[in-house]
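protein.txt follows (compact mmCIF, C-alpha atoms):
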# COMPACT_ATOMS: atom_id res chain seq x y z
CA ARG T 1 17.91 31.94 15.74
CA SER T 2 15.94 29.35 17.78
CA ARG T 3 12.66 31.05 16.86
CA GLU T 4 13.64 31.02 13.20
CA LEU T 5 14.45 27.31 13.36
CA ALA T 6 11.14 26.66 15.10
CA ARG T 7 9.25 28.52 12.36
CA GLU T 8 11.12 26.60 9.65
CA ARG T 9 10.31 23.31 11.35
CA THR T 10 6.65 24.27 11.72
CA PHE T 11 6.50 25.17 8.04
CA LEU T 12 8.11 21.83 7.09
CA VAL T 13 5.63 19.89 9.22
CA GLN T 14 2.72 21.79 7.63
CA GLU T 15 4.10 21.04 4.16
CA GLN T 16 4.38 17.33 4.92
CA THR T 17 0.92 17.30 6.46
CA HIS T 18 -0.68 18.84 3.37
CA ALA T 19 1.38 16.56 1.08
CA ALA T 20 0.23 13.47 2.98
CA ILE T 21 -3.44 14.40 2.62
CA ALA T 22 -3.04 15.30 -1.06
CA ARG T 23 -1.15 12.08 -1.83
CA VAL T 24 -4.21 9.87 -1.26
CA GLN T 25 -6.86 12.13 -2.83
CA GLU T 26 -6.05 11.22 -6.44
CA PHE T 27 -3.91 8.88 -8.54
CA GLN T 28 -0.32 10.07 -8.96
CA ALA T 29 0.00 7.83 -12.05
CA HIS T 30 -2.26 6.03 -14.51
CA TYR T 31 -4.36 3.16 -13.16
CA CYS T 32 -3.59 0.36 -15.63
CA VAL T 33 -5.58 -2.87 -15.57
CA LEU T 34 -5.94 -5.98 -17.71
CA PRO T 35 -9.37 -7.41 -18.66
CA GLY T 36 -10.13 -10.59 -16.71
CA ASP T 37 -10.55 -12.83 -19.75
CA GLN T 38 -7.14 -11.81 -21.07
CA PHE T 39 -5.57 -12.27 -17.65
CA CYS T 40 -6.96 -15.79 -17.38
CA ALA T 41 -5.40 -16.62 -20.76
CA LEU T 42 -1.89 -15.89 -19.44
CA GLU T 43 0.37 -18.91 -19.03
CA LYS T 44 2.95 -16.82 -17.17
CA LEU T 45 3.06 -13.32 -15.74
CA LYS T 46 4.20 -10.72 -18.26
CA SER T 47 5.52 -7.23 -17.71
CA HIS T 48 3.68 -3.95 -18.12
CA GLU T 49 5.68 -3.19 -21.26
CA ARG T 50 4.83 -6.49 -22.95
CA LEU T 51 1.11 -6.09 -22.24
CA ARG T 52 0.90 -2.35 -22.84
CA ASP T 53 -1.41 -2.63 -25.89
CA SER T 54 -3.87 -4.80 -23.96
CA LEU T 55 -4.12 -2.62 -20.86
CA ILE T 56 -7.09 -0.39 -20.08
CA VAL T 57 -5.99 2.92 -18.57
CA TYR T 58 -7.94 5.08 -16.11
CA ASP T 59 -6.82 8.64 -15.45
CA SER T 60 -8.64 9.36 -12.20
CA ILE T 61 -10.48 7.83 -9.27
CA GLY T 62 -13.65 9.35 -10.70
CA ASP T 63 -13.17 7.41 -13.94
CA VAL T 64 -12.85 4.15 -11.98
CA GLU T 65 -15.95 4.93 -9.94
CA ALA T 66 -17.90 5.66 -13.15
CA ALA T 67 -16.83 2.29 -14.56
CA MET T 68 -17.93 0.59 -11.32
CA ASP T 69 -21.32 2.27 -11.64
CA ASP T 70 -21.49 0.77 -15.13
CA GLY T 71 -21.02 -2.74 -13.73
CA VAL T 72 -17.27 -3.18 -14.21
CA VAL T 73 -15.60 -5.10 -11.36
CA PHE T 74 -12.07 -4.20 -10.25
CA VAL T 75 -9.74 -6.69 -8.58
CA PHE T 76 -6.49 -5.78 -6.88
CA LEU T 77 -4.11 -8.75 -6.72
CA SER T 78 -1.47 -8.54 -4.00
CA HIS T 79 1.40 -11.01 -3.76
CA GLN T 80 4.96 -11.61 -2.62
CA TRP T 81 7.54 -11.88 -5.39
CA LEU T 82 8.97 -15.39 -5.63
CA GLY T 83 12.22 -14.37 -7.32
CA TYR T 84 14.71 -11.53 -7.12
CA ASP T 85 14.31 -10.47 -10.76
CA GLU T 86 10.88 -11.79 -11.72
CA PRO T 87 7.72 -12.23 -9.70
CA ASP T 88 6.75 -15.82 -10.49
CA PRO T 89 9.65 -17.70 -12.15
CA GLU T 90 8.17 -21.16 -11.55
CA ARG T 91 4.61 -20.14 -12.51
CA VAL T 92 3.11 -20.91 -9.12
CA HIS T 93 1.23 -17.66 -8.56
CA VAL T 94 -0.21 -17.25 -12.04
CA GLY T 95 -2.33 -20.39 -11.68
CA ALA T 96 -3.64 -19.31 -8.29
CA MET T 97 -4.36 -15.85 -9.70
CA ARG T 98 -6.36 -17.23 -12.62
CA GLU T 99 -8.47 -19.26 -10.18
CA ALA T 100 -8.95 -16.19 -7.97
CA ILE T 101 -10.16 -14.07 -10.90
CA ARG T 102 -12.61 -16.78 -11.97
CA SER T 103 -13.90 -16.98 -8.38
CA VAL T 104 -14.40 -13.21 -8.31
CA GLY T 105 -16.30 -13.32 -11.60
CA GLN T 106 -18.62 -15.96 -10.20
CA ASP T 107 -19.10 -14.13 -6.89
CA ALA T 108 -19.83 -10.83 -8.65
CA ASP T 109 -21.94 -12.57 -11.31
CA VAL T 110 -20.17 -10.86 -14.20
CA PRO T 111 -18.37 -12.28 -17.28
CA LEU T 112 -14.59 -12.18 -17.15
CA ASP T 113 -14.40 -9.48 -19.82
CA ARG T 114 -16.15 -7.16 -17.33
CA VAL T 115 -13.47 -7.79 -14.69
CA ARG T 116 -10.43 -5.50 -14.50
CA VAL T 117 -7.26 -6.87 -12.90
CA TRP T 118 -4.53 -4.82 -11.23
CA LEU T 119 -1.24 -6.59 -10.58
CA ASP T 120 2.07 -4.88 -9.85
CA VAL T 121 4.24 -6.35 -12.62
CA ILE T 122 1.48 -5.79 -15.18
CA SER T 123 0.14 -2.45 -13.99
CA ILE T 124 3.34 -0.64 -12.94
CA PRO T 125 5.99 0.35 -15.51
CA GLN T 126 9.07 -1.83 -15.02
CA ARG T 127 11.61 0.00 -17.19
CA ASN T 128 10.96 3.72 -16.68
CA ARG T 129 12.08 4.41 -13.11
CA SER T 130 10.42 7.85 -12.93
CA GLU T 131 7.02 6.50 -13.98
CA GLN T 132 7.53 3.53 -11.68
CA LYS T 133 8.08 5.80 -8.68
CA LEU T 134 4.87 7.71 -9.43
CA ALA T 135 2.92 4.45 -9.70
CA ILE T 136 4.40 3.20 -6.43
CA ALA T 137 3.39 6.48 -4.78
CA SER T 138 -0.16 5.75 -5.98
CA LEU T 139 -0.35 2.29 -4.40
CA PRO T 140 -2.67 3.43 -1.58
CA THR T 141 -5.17 4.89 -4.06
CA PHE T 142 -4.78 1.92 -6.42
CA ALA T 143 -5.37 -0.61 -3.64
CA SER T 144 -8.43 1.23 -2.35
CA SER T 145 -9.98 1.68 -5.83
CA CYS T 146 -11.19 -1.88 -6.17
CA ASN T 147 -14.24 -4.03 -5.51
CA TYR T 148 -12.16 -7.04 -4.47
CA PHE T 149 -8.74 -7.29 -2.87
CA VAL T 150 -7.16 -10.73 -3.20
CA ALA T 151 -3.85 -11.63 -1.57
CA VAL T 152 -2.30 -14.53 -3.47
CA ALA T 153 -0.18 -16.72 -1.20
CA PRO T 154 -0.23 -20.45 -1.99
CA ASP T 155 2.38 -22.57 -0.24
CA THR T 156 5.61 -22.65 -2.27
CA VAL T 157 9.29 -21.65 -2.00
CA HIS T 158 11.28 -18.63 -3.15
CA ALA T 159 13.11 -19.45 -6.38
CA ASN T 160 16.42 -17.97 -5.22
CA THR T 161 16.51 -18.53 -1.47
CA ARG T 162 14.35 -21.70 -1.38
CA VAL T 163 12.76 -20.28 1.76
CA ALA T 164 9.13 -21.27 2.31
CA CYS T 165 6.58 -18.72 1.06
CA GLY T 166 2.88 -18.65 1.85
CA ALA T 167 0.30 -16.74 3.88
CA ARG T 168 2.67 -16.09 6.79
CA SER T 169 5.59 -14.85 4.70
CA TYR T 170 3.19 -12.73 2.65
CA ARG T 171 1.91 -11.00 5.78
CA ARG T 172 5.49 -10.25 6.87
CA ARG T 173 6.27 -8.21 3.72
CA ALA T 174 6.02 -4.44 4.31
CA TRP T 175 4.79 -3.67 0.77
CA CYS T 176 2.09 -6.35 1.08
CA ARG T 177 1.06 -4.85 4.41
CA ALA T 178 0.94 -1.39 2.82
CA GLU T 179 -1.47 -2.68 0.16
CA ILE T 180 -3.62 -4.33 2.85
CA MET T 181 -3.65 -1.12 4.92
CA SER T 182 -4.60 0.94 1.87
CA CYS T 183 -7.61 -1.17 0.95
CA TRP T 184 -8.74 -1.73 4.53
CA ALA T 185 -8.51 1.95 5.50
CA ARG T 186 -11.15 2.89 2.95
CA ASN T 187 -13.11 -0.29 2.28
CA GLY T 188 -12.86 -2.47 5.39
CA THR T 189 -12.25 -6.23 5.17
CA ARG T 190 -15.57 -7.33 3.70
CA ASP T 191 -14.24 -7.98 0.18
CA MET T 192 -10.64 -8.77 1.11
CA TYR T 193 -9.62 -12.38 0.54
CA LEU T 194 -6.60 -14.63 0.82
CA SER T 195 -6.03 -17.06 -2.06
CA THR T 196 -4.18 -20.05 -0.66
CA SER T 197 -3.51 -23.62 -1.74
CA THR T 198 -7.01 -24.48 -0.49
CA GLY T 199 -8.90 -21.65 -2.24
CA LEU T 200 -10.30 -18.24 -1.21
CA ARG T 201 -10.85 -17.41 2.45
CA PRO T 202 -11.20 -14.20 4.49
CA LEU T 203 -7.95 -12.25 4.58
CA ALA T 204 -8.11 -11.38 8.28
CA PRO T 205 -10.29 -13.78 10.29
CA SER T 206 -9.36 -12.07 13.59
CA ASP T 207 -8.42 -8.61 14.83
CA GLU T 208 -5.06 -9.98 15.97
CA ILE T 209 -4.16 -11.08 12.43
CA LEU T 210 -5.51 -7.83 10.99
CA VAL T 211 -3.42 -5.64 13.31
CA GLU T 212 -0.32 -7.65 12.38
CA ALA T 213 -1.13 -7.14 8.69
CA LEU T 214 -1.58 -3.39 9.23
CA ASP T 215 1.85 -3.00 10.84
CA VAL T 216 3.41 -1.72 7.61
CA PHE T 217 6.60 -0.34 9.14
CA GLY T 218 7.26 -3.47 11.17
CA GLY T 219 7.32 -5.54 7.99
CA ASP T 220 10.27 -6.98 6.06
CA LEU T 221 11.84 -5.04 3.19
CA THR T 222 14.30 -6.17 0.54
CA CYS T 223 16.10 -2.80 0.63
CA CYS T 224 16.92 -3.34 4.32
CA ARG T 225 18.15 -6.89 3.72
CA ARG T 226 20.43 -5.64 0.94
CA GLY T 227 21.79 -2.84 3.14
CA HIS T 228 20.70 0.25 1.16
CA GLY T 229 23.64 0.36 -1.20
CA ASN T 230 25.06 3.81 -2.04
CA GLY T 231 23.03 5.34 0.76
CA GLU T 232 19.68 4.82 -0.99
CA ALA T 233 16.51 5.75 0.87
CA CYS T 234 14.65 3.06 2.75
CA ASP T 235 11.26 2.08 1.36
CA ARG T 236 9.82 2.95 4.77
CA GLU T 237 10.51 6.58 3.93
CA GLU T 238 8.70 6.18 0.58
CA LEU T 239 5.67 4.73 2.35
CA MET T 240 5.44 7.23 5.18
CA LEU T 241 3.47 10.05 3.48
CA PRO T 242 0.77 7.92 1.79
CA ILE T 243 0.17 5.92 4.98
CA LEU T 244 0.00 9.18 6.94
CA GLY T 245 -2.58 10.43 4.43
CA LEU T 246 -4.70 7.33 5.01
CA TYR T 247 -4.50 7.85 8.76
CA ALA T 248 -5.67 11.44 8.26
CA GLU T 249 -8.82 10.12 6.56
CA ILE T 250 -9.45 7.59 9.35
CA TYR T 251 -8.94 10.24 12.04
CA ARG T 252 -11.19 12.72 10.20
CA ASP T 253 -14.03 10.17 9.99
CA ARG T 254 -13.44 8.54 13.39
CA GLU T 255 -16.92 9.44 14.59
CA GLY T 256 -18.56 8.28 11.36
CA VAL T 257 -17.72 5.71 8.70
CA ALA T 258 -14.22 5.09 10.12
CA GLU T 259 -15.31 4.63 13.74
CA GLU T 260 -14.52 0.91 13.72
CA ALA T 261 -11.20 1.38 11.92
CA TYR T 262 -10.08 4.11 14.32
CA GLY T 263 -11.11 2.04 17.32
CA LEU T 264 -8.99 -0.85 16.05
CA ILE T 265 -5.77 1.08 15.44
CA LYS T 266 -5.95 3.67 18.25
CA PRO T 267 -4.38 1.38 20.90
CA TYR T 268 -1.54 0.56 18.48
CA ARG T 269 -0.96 4.07 17.10
CA ASP T 270 2.67 4.38 18.23
CA ARG T 271 3.49 0.93 16.87
CA LEU T 272 1.80 1.45 13.50
CA PHE T 273 3.19 4.97 12.98
CA PRO T 274 6.66 4.90 14.61
CA LYS T 275 8.49 8.15 15.21
CA ASN T 276 11.83 6.62 14.15
CA PHE T 277 13.19 3.54 12.42
CA GLU T 278 16.45 1.65 12.20
CA TYR T 279 18.28 2.32 8.93
CA MET T 280 20.46 -0.67 8.02
CA TYR T 281 23.60 -0.25 5.94
CA TYR T 282 27.06 -1.74 5.43
CA GLU T 283 30.43 -0.35 6.47
CA GLY T 284 32.73 -2.49 4.36
CA VAL T 285 31.57 -6.04 5.05
CA ASP T 286 30.04 -5.21 8.44
CA GLN T 287 26.38 -4.39 8.83
CA ALA T 288 25.61 -1.22 10.76
CA LYS T 289 22.46 0.66 11.73
CA GLU T 290 21.40 4.10 12.84
CA GLU T 291 18.13 5.55 14.10
CA ASN T 292 16.49 7.86 11.58
CA PRO T 293 13.27 9.87 11.85
CA LEU T 294 10.13 8.45 10.22
CA PHE T 295 6.79 9.91 11.36
CA GLY T 296 8.33 12.05 14.11
CA ASP T 297 5.48 14.23 15.40
CA LEU T 298 3.59 14.21 12.08
CA VAL T 299 0.78 12.04 13.49
CA GLU T 300 0.06 14.65 16.14
CA ALA T 301 0.37 17.36 13.48
CA ILE T 302 -2.09 15.64 11.16
CA GLU T 303 -4.58 15.22 14.00
CA LEU T 304 -4.28 18.92 14.84
CA ALA T 305 -4.70 19.87 11.17
CA VAL T 306 -7.88 17.78 10.92
CA ASP T 307 -9.24 19.17 14.21
CA LEU T 308 -8.50 22.74 13.12
CA ASP T 309 -10.19 22.19 9.80
CA ARG T 310 -13.36 21.06 11.54
CA ALA T 311 -13.31 23.47 14.48
CA ALA T 312 -15.40 26.64 14.59
CA ASP T 313 -13.61 29.99 14.94
CA ASP T 314 -14.49 30.24 18.65
CA ASN T 315 -13.38 26.68 19.42
CA PRO T 316 -10.61 26.55 22.07
CA ILE T 317 -8.48 24.28 19.90
CA ARG T 318 -8.36 26.92 17.15
CA ARG T 319 -7.49 29.67 19.62
CA SER T 320 -4.72 27.57 21.20
CA ALA T 321 -3.23 26.81 17.77
CA VAL T 322 -3.12 30.48 16.96
Written as structure tokens, that's how I'd like the structure from this file.
Amino acid sequence: RSRELARERTFLVQEQTHAAIARVQEFQAHYCVLPGDQFCALEKLKSHERLRDSLIVYDSIGDVEAAMDDGVVFVFLSHQWLGYDEPDPERVHVGAMREAIRSVGQDADVPLDRVRVWLDVISIPQRNRSEQKLAIASLPTFASSCNYFVAVAPDTVHANTRVACGARSYRRRAWCRAEIMSCWARNGTRDMYLSTSTGLRPLAPSDEILVEALDVFGGDLTCCRRGHGNGEACDREELMLPILGLYAEIYRDREGVAEEAYGLIKPYRDRLFPKNFEYMYYEGVDQAKEENPLFGDLVEAIELAVDLDRAADDNPIRRSAV
């Protein structure tokens, strides 16, 4: 029985390993963007459904790359929602976003109608939960399929909690960190910017700030604060496979284009890819927590899978795996 359980576990690990790699190879949902001139005409942020007829839709990463080759510039806007039910109730972010898009147009030397803007509330379906989940699963590929990544974080307050929001609170959000990790893992920080109350500046001026921003699973999540009602899954579990897929790419190219990226995260591997996490929930009115598996030994498994894929038949690592 123990051997059977071991085989089942090995099979499950292999399945998750292959799923992680596949998850970041192609979009899981349509890549929907709004032309820059139309974005800059917005007085307030509107939902995907309200702007559906104005959106340009790309079916694959290859389609986006072909558009880039044709001179189209893609901008991924990342931000922290300033309200529970709408992203920018007091219209603070939309103004900063318009300025950011104009700055990108000037930097890239293209007219605004040649800029394509991705923003969560506009680009991800808000009403159809199934489509929304597919789009969320595609965030790593969305965030890495851009020429510019701009984090929008002017100083303001949350409309509901009145807690201060800005660059620091933005970097604490797990979903914001996931978007940063996704772009950085494939593109580096060269065209990653922070839009603040004082304009555009480099997103991560130091390795210390960058490592903090890459700590996806150490970030804050609304689902945890609300206590995962009805036993719902934690967003950390939703993020695990795509982030594992990105790590697989970094590990695969650690002696080539990803040498610098791998060197940065290697000392922090256990912190950035934790084996377990604390699942917060409520028992009546009391908050409780339990330790649940997250990456487990999948990081080691993904490294072995990459090494096996590259190893020759007579390589000791392939013989030991067999």
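Distance cut-off 7 Å, centre (-0.3, -19.6, -0.5), atoms counted all atoms listed in the file; the residues meeting this are T:Val152, T:Ala153, T:Pro154, T:Asp155, T:Thr156, T:Gly166, T:Ala167, T:Ser195, T:Thr196, T:Ser197.
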Select, from T:Gly188, T:Gly256, T:Pro242, T:Gly227, the residue with the minimum atom-to-atom distance to Glu290 of chain T, counting only C-alpha atoms.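 Smallest separation from Glu290 of chain T among the options: T:Gly227.
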At a cut-off of 8 Å, using all atoms listed in the file, what residues contact Asp59 of chain T? Leave out same-chain residues fewer than 2 positions from it and give the result as a PDB file with C-alpha atoms, keeping the file's coordinate frame.
ATOM      1  CA  PHE T  27      -3.910   8.880  -8.540  1.00  0.00           C
ATOM      2  CA  ALA T  29       0.000   7.830 -12.050  1.00  0.00           C
ATOM      3  CA  HIS T  30      -2.260   6.030 -14.510  1.00  0.00           C
ATOM      4  CA  TYR T  31      -4.360   3.160 -13.160  1.00  0.00           C
ATOM      5  CA  VAL T  57      -5.990   2.920 -18.570  1.00  0.00           C
ATOM      6  CA  ILE T  61     -10.480   7.830  -9.270  1.00  0.00           C
ATOM      7  CA  ASP T  63     -13.170   7.410 -13.940  1.00  0.00           C
TER       8      ASP T  63
END
Which residue gives the smallest distance to Ile243 of chain T among T:Ala204, T:Leu55, T:Val299, T:Leu221, with only C-alpha atoms counted?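 For Ile243 of chain T, the nearest of the given residues is T:Val299.
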Kindly extract all protein, DNA and RNA residues lying within 7 Å of the coordinates (-4.6, -4.6, -2.6) given in the file, considering only C-alpha atoms, and supply them as a list in words. Phe76, Leu77, Ser78, Ala143, Ser144, Phe149, Val150, Glu179, Ile180 and Cys183 of chain T
For C-alpha atoms, I'd like the residues from the last selection saved as an mmCIF file, in the frame of the given file.
data_model
loop_
_atom_site.group_PDB
_atom_site.id
_atom_site.type_symbol
_atom_site.label_atom_id
_atom_site.label_comp_id
_atom_site.auth_asym_id
_atom_site.auth_seq_id
_atom_site.Cartn_x
_atom_site.Cartn_y
_atom_site.Cartn_z
ATOM 1 C CA PHE T 76 -6.490 -5.780 -6.880
ATOM 2 C CA LEU T 77 -4.110 -8.750 -6.720
ATOM 3 C CA SER T 78 -1.470 -8.540 -4.000
ATOM 4 C CA ALA T 143 -5.370 -0.610 -3.640
ATOM 5 C CA SER T 144 -8.430 1.230 -2.350
ATOM 6 C CA PHE T 149 -8.740 -7.290 -2.870
ATOM 7 C CA VAL T 150 -7.160 -10.730 -3.200
ATOM 8 C CA GLU T 179 -1.470 -2.680 0.160
ATOM 9 C CA ILE T 180 -3.620 -4.330 2.850
ATOM 10 C CA CYS T 183 -7.610 -1.170 0.950
#
Considering only C-alpha atoms, can you say which of T:Leu42, T:Leu239, T:Val117, T:Ala185 comes closest to Ile136 of chain T?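 Of T:Leu42, T:Leu239, T:Val117, T:Ala185, the one nearest Ile136 of chain T, counting only C-alpha atoms, is T:Leu239.
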For Ala22 of chain T, which residue out of T:Met97, T:Ile209, T:Leu241, T:Ala159 is the nearest one, using only C-alpha atoms? T:Leu241
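Proximity of T:Leu308, T:Val24, T:Ala135, T:Ala108 to Met240 of chain T, computed with all atoms listed in the file, is greatest for T:Val24.
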What is the atom CA of Ala248 of chain T-atom CA of Ile302 of chain T distance in Å, reported with one decimal?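 Between atom CA of Ala248 of chain T and atom CA of Ile302 of chain T the gap is 6.2 Å.
For the pair atom CA of Gly229 of chain T and atom CA of Leu244 of chain T, the interatomic distance is 26.5 Å.
When only C-alpha atoms are used to measure the gap to Lys275 of chain T, the shortest distance among T:Ala213, T:Cys32, T:Leu294, T:Ala96 belongs to T:Leu294.
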Would you compute the distance between atom CA of Arg226 of chain T and atom CA of Glu278 of chain T? Give it in Å to one decimal.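 Separation of atom CA of Arg226 of chain T and atom CA of Glu278 of chain T: 14.0 Å.
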Fix up segment 203-226 of chain T with N, CA and C atoms, then write it as a short mmCIF file (atom, residue, chain, number, x, y, z; two decimals), in the frame of the given file.
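What ended up in selection_28.cif:
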data_model
loop_
_atom_site.label_atom_id
_atom_site.label_comp_id
_atom_site.auth_asym_id
_atom_site.auth_seq_id
_atom_site.Cartn_x
_atom_site.Cartn_y
_atom_site.Cartn_z
N LEU T 203 -9.34 -12.66 4.41
CA LEU T 203 -7.95 -12.25 4.58
C LEU T 203 -7.55 -12.15 6.05
N ALA T 204 -8.43 -11.59 6.87
CA ALA T 204 -8.11 -11.38 8.28
C ALA T 204 -9.24 -11.92 9.15
N PRO T 205 -9.19 -13.20 9.51
CA PRO T 205 -10.29 -13.78 10.29
C PRO T 205 -10.36 -13.31 11.73
N SER T 206 -9.34 -12.58 12.21
CA SER T 206 -9.36 -12.07 13.59
C SER T 206 -8.70 -10.70 13.63
N ASP T 207 -9.03 -9.93 14.67
CA ASP T 207 -8.42 -8.61 14.83
C ASP T 207 -6.92 -8.73 15.05
N GLU T 208 -6.49 -9.78 15.72
CA GLU T 208 -5.06 -9.98 15.97
C GLU T 208 -4.28 -10.11 14.66
N ILE T 209 -4.81 -10.91 13.73
CA ILE T 209 -4.16 -11.08 12.43
C ILE T 209 -4.23 -9.79 11.63
N LEU T 210 -5.35 -9.09 11.73
CA LEU T 210 -5.51 -7.83 10.99
C LEU T 210 -4.51 -6.78 11.47
N VAL T 211 -4.36 -6.63 12.78
CA VAL T 211 -3.42 -5.64 13.31
C VAL T 211 -2.00 -5.97 12.86
N GLU T 212 -1.65 -7.25 12.87
CA GLU T 212 -0.32 -7.65 12.38
C GLU T 212 -0.15 -7.24 10.91
N ALA T 213 -1.19 -7.46 10.11
CA ALA T 213 -1.13 -7.14 8.69
C ALA T 213 -1.10 -5.65 8.43
N LEU T 214 -1.58 -4.85 9.38
CA LEU T 214 -1.58 -3.39 9.23
C LEU T 214 -0.28 -2.75 9.70
N ASP T 215 0.59 -3.53 10.32
CA ASP T 215 1.85 -3.00 10.84
C ASP T 215 2.86 -2.87 9.70
N VAL T 216 2.62 -1.89 8.83
CA VAL T 216 3.41 -1.72 7.61
C VAL T 216 4.89 -1.57 7.93
N PHE T 217 5.21 -0.72 8.91
CA PHE T 217 6.60 -0.34 9.14
C PHE T 217 7.34 -1.35 10.01
N GLY T 218 6.62 -2.36 10.48
CA GLY T 218 7.26 -3.47 11.17
C GLY T 218 7.50 -4.65 10.24
N GLY T 219 7.18 -4.47 8.96
CA GLY T 219 7.32 -5.54 7.99
C GLY T 219 8.72 -5.64 7.41
N ASP T 220 8.97 -6.73 6.68
CA ASP T 220 10.27 -6.98 6.06
C ASP T 220 10.38 -6.24 4.72
N LEU T 221 11.58 -5.74 4.44
CA LEU T 221 11.84 -5.04 3.19
C LEU T 221 13.14 -5.53 2.57
N THR T 222 13.11 -5.72 1.26
CA THR T 222 14.30 -6.17 0.54
C THR T 222 15.42 -5.14 0.63
N CYS T 223 15.07 -3.85 0.59
CA CYS T 223 16.10 -2.80 0.63
C CYS T 223 16.89 -2.87 1.93
N CYS T 224 16.23 -3.22 3.03
CA CYS T 224 16.92 -3.34 4.32
C CYS T 224 17.83 -4.57 4.32
N ARG T 225 17.34 -5.67 3.77
CA ARG T 225 18.15 -6.89 3.72
C ARG T 225 19.40 -6.68 2.88
N ARG T 226 19.28 -5.88 1.82
CA ARG T 226 20.43 -5.64 0.94
C ARG T 226 21.34 -4.51 1.45
#
